[in-house]
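S.K.: Take this structure first; my questions come after.
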Amino acid sequence: MRLDKFLKVSRIIKRRTLATEACSAGKVSINGKVSKPSQIVKVGDIIEIAFGNGITKIEVTSLKESVKKEEANLMYKNL
């Protein structure tokens, strides 16, 4: 699954265009490497996102094309 789509489907970032902009600005990295929006995400990857002054670090636990709002947080684990 593409990085920008994963961020949107998992509801970490609300809209895919915002996820694409964050990736293009170099604010998102996978396993320590700055990533483009089209980067492929796999289960077990560590994603770091720079939000304002802080950094959010998550581990991908599952990949689904669409999920309900209540199940979105099951796609990742906060580190």
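Chain labels follow the order of the structure tokens: the first chain is A, the next B, and so on; residue numbering restarts at 1 in every chain, and ligands are counted from 1 in their shown order.
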Need to verify the contact set: Ile46 (chain A), 6 Å, only C-alpha atoms, exclusion of same-chain residues closer than 4 positions in sequence. Can you return it as number ranges by chain?
M.R.: A: 30-31, 58-59
S.K.: What's around Ile40 (chain A) at 6 Å? Count only C-alpha atoms, leave out sequence neighbours fewer than 3 positions away in its own chain, and write the answer as an NGL selection string.
M.R.: :A and (1-3)
S.K.: Output the selection as a compact mmCIF listing (two decimals), in the first residue's frame - N, CA, C and O atoms for each residue.
M.R.:
```txt
# COMPACT_ATOMS: atom_id res chain seq x y z
N MET A 1 0.84 -1.17 0.00
CA MET A 1 0.00 0.00 0.00
C MET A 1 0.89 1.24 0.00
O MET A 1 1.92 1.27 0.67
N ARG A 2 0.46 2.26 -0.72
CA ARG A 2 1.21 3.52 -0.77
C ARG A 2 1.20 4.21 0.60
O ARG A 2 0.24 4.09 1.35
N LEU A 3 2.26 4.92 0.90
CA LEU A 3 2.39 5.61 2.18
C LEU A 3 1.27 6.62 2.39
O LEU A 3 0.65 6.65 3.46
```
S.K.: Compile the contact shell of Val43 (chain A) as number ranges by chain: residues with an atom at most 7 Å away, counting only C-alpha atoms, same-chain residues fewer than 3 positions apart removed.
M.R.: A: 60-63
S.K.: Write out as a CSV table (one decimal) with N, CA, C and O atoms, in the first residue's frame all residues of chain A that DSSP puts in strand (DSSP E) for this structure's backbone.
M.R.:
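Okay, result.csv is ready:
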```
chain,number,residue,atom,x,y,z
A,28,VAL,N,7.9,12.9,6.7
A,28,VAL,CA,7.6,11.5,6.9
A,28,VAL,C,8.7,10.6,6.5
A,28,VAL,O,9.3,10.7,5.4
A,29,SER,N,9.1,9.7,7.4
A,29,SER,CA,10.1,8.7,7.1
A,29,SER,C,9.7,7.3,7.4
A,29,SER,O,8.9,7.1,8.4
A,30,ILE,N,10.2,6.3,6.7
A,30,ILE,CA,10.0,4.9,6.9
A,30,ILE,C,11.3,4.3,7.2
A,30,ILE,O,12.2,4.4,6.4
A,33,LYS,N,14.4,6.5,6.7
A,33,LYS,CA,14.7,7.1,5.5
A,33,LYS,C,13.5,8.0,5.1
A,33,LYS,O,12.3,7.6,5.1
A,34,VAL,N,13.8,9.2,4.7
A,34,VAL,CA,12.7,10.2,4.3
A,34,VAL,C,12.0,9.5,3.0
A,34,VAL,O,12.7,9.0,2.1
A,46,ILE,N,8.5,0.9,10.5
A,46,ILE,CA,8.4,2.0,11.5
A,46,ILE,C,8.3,3.3,10.7
A,46,ILE,O,9.1,3.7,9.9
A,47,ILE,N,7.2,4.0,11.0
A,47,ILE,CA,6.9,5.3,10.3
A,47,ILE,C,7.1,6.4,11.4
A,47,ILE,O,6.5,6.3,12.5
A,48,GLU,N,7.9,7.5,11.0
A,48,GLU,CA,8.0,8.7,11.9
A,48,GLU,C,7.4,9.9,11.1
A,48,GLU,O,7.8,10.1,10.0
A,49,ILE,N,6.6,10.6,11.8
A,49,ILE,CA,5.9,11.8,11.2
A,49,ILE,C,6.2,13.0,12.1
A,49,ILE,O,6.0,12.9,13.3
A,50,ALA,N,6.7,14.1,11.5
A,50,ALA,CA,7.0,15.3,12.2
A,50,ALA,C,5.7,16.2,12.2
A,50,ALA,O,5.3,16.7,11.2
A,51,PHE,N,5.1,16.3,13.4
A,51,PHE,CA,3.9,17.1,13.6
A,51,PHE,C,4.3,18.3,14.5
A,51,PHE,O,4.6,18.1,15.6
A,54,GLY,N,6.7,18.1,17.6
A,54,GLY,CA,6.9,16.7,18.1
A,54,GLY,C,7.0,15.7,16.9
A,54,GLY,O,6.8,16.0,15.8
A,55,ILE,N,7.4,14.5,17.3
A,55,ILE,CA,7.5,13.4,16.3
A,55,ILE,C,6.7,12.3,16.7
A,55,ILE,O,6.8,11.9,17.9
A,56,THR,N,5.8,11.8,15.9
A,56,THR,CA,5.0,10.6,16.1
A,56,THR,C,5.6,9.4,15.5
A,56,THR,O,6.0,9.4,14.3
A,57,LYS,N,5.8,8.4,16.3
A,57,LYS,CA,6.5,7.2,15.8
A,57,LYS,C,5.5,6.0,15.9
A,57,LYS,O,5.0,5.7,17.0
A,58,ILE,N,5.2,5.3,14.8
A,58,ILE,CA,4.3,4.2,14.8
A,58,ILE,C,4.9,3.0,14.1
A,58,ILE,O,5.8,3.1,13.3
A,59,GLU,N,4.3,1.8,14.4
A,59,GLU,CA,4.7,0.6,13.7
A,59,GLU,C,3.5,0.1,13.0
A,59,GLU,O,2.4,0.0,13.6
A,60,VAL,N,3.6,-0.3,11.7
A,60,VAL,CA,2.5,-0.8,10.9
A,60,VAL,C,2.2,-2.2,11.3
A,60,VAL,O,3.1,-3.1,11.3
A,76,TYR,N,-2.1,0.2,13.3
A,76,TYR,CA,-0.7,0.7,13.7
A,76,TYR,C,-0.6,0.6,15.2
A,76,TYR,O,-1.6,0.5,16.0
A,77,LYS,N,0.6,0.6,15.7
A,77,LYS,CA,0.9,0.6,17.2
A,77,LYS,C,1.8,1.8,17.5
A,77,LYS,O,2.8,2.0,16.8
A,78,ASN,N,1.4,2.6,18.4
A,78,ASN,CA,2.3,3.8,18.8
A,78,ASN,C,3.5,3.3,19.5
A,78,ASN,O,3.5,2.4,20.4
```
S.K.: Which value, in Å to one decimal, gives the distance between CA of Gly44 (chain A) and CA of Thr17 (chain A)?
M.R.: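 CA of Thr17 (chain A) lies at a distance of 24.5 Å from CA of Gly44 (chain A).
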S.K.: Find the distance between CA of Ser24 (chain A) and CA of Glu71 (chain A) and write it in Å to one decimal.
M.R.: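 Taking CA of Ser24 (chain A) and CA of Glu71 (chain A), their separation equals 27.4 Å.
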S.K.: Residues of region 19-72 of chain A classed as alpha helix (DSSP H) by DSSP on the backbone are to be reported as a PyMOL selection string.
M.R.: chain A and resi 19-24
S.K.: Near Lys69 (chain A), within 12 Å and counting only C-alpha atoms, which residues show up once chain neighbours fewer than 2 positions away are dropped, as number ranges by chain?
M.R.: A: 8-12, 14, 66-67, 71-75
S.K.: Can you spit out the residues from that selection as a compact mmCIF listing (two decimals), in the first residue's frame, using C-alpha atoms?
M.R.:
```
# COMPACT_ATOMS: atom_id res chain seq x y z
CA LYS A 8 -5.28 8.43 5.25
CA VAL A 9 -6.93 5.01 5.72
CA SER A 10 -5.45 4.60 9.22
CA ARG A 11 -6.69 8.13 10.01
CA ILE A 12 -3.30 9.35 11.18
CA LYS A 14 -7.29 13.13 7.78
CA SER A 66 -10.72 0.44 3.93
CA VAL A 67 -11.63 0.25 7.60
CA GLU A 71 -10.93 -0.15 13.64
CA ALA A 72 -8.50 2.37 12.14
CA ASN A 73 -6.27 2.45 15.22
CA LEU A 74 -5.72 -1.32 14.89
CA MET A 75 -3.66 -0.74 11.73
```
S.K.: What separation in Å, quoted to one decimal, exists between CA of Leu79 (chain A) and CA of Lys42 (chain A)?
M.R.: 16.7 Å
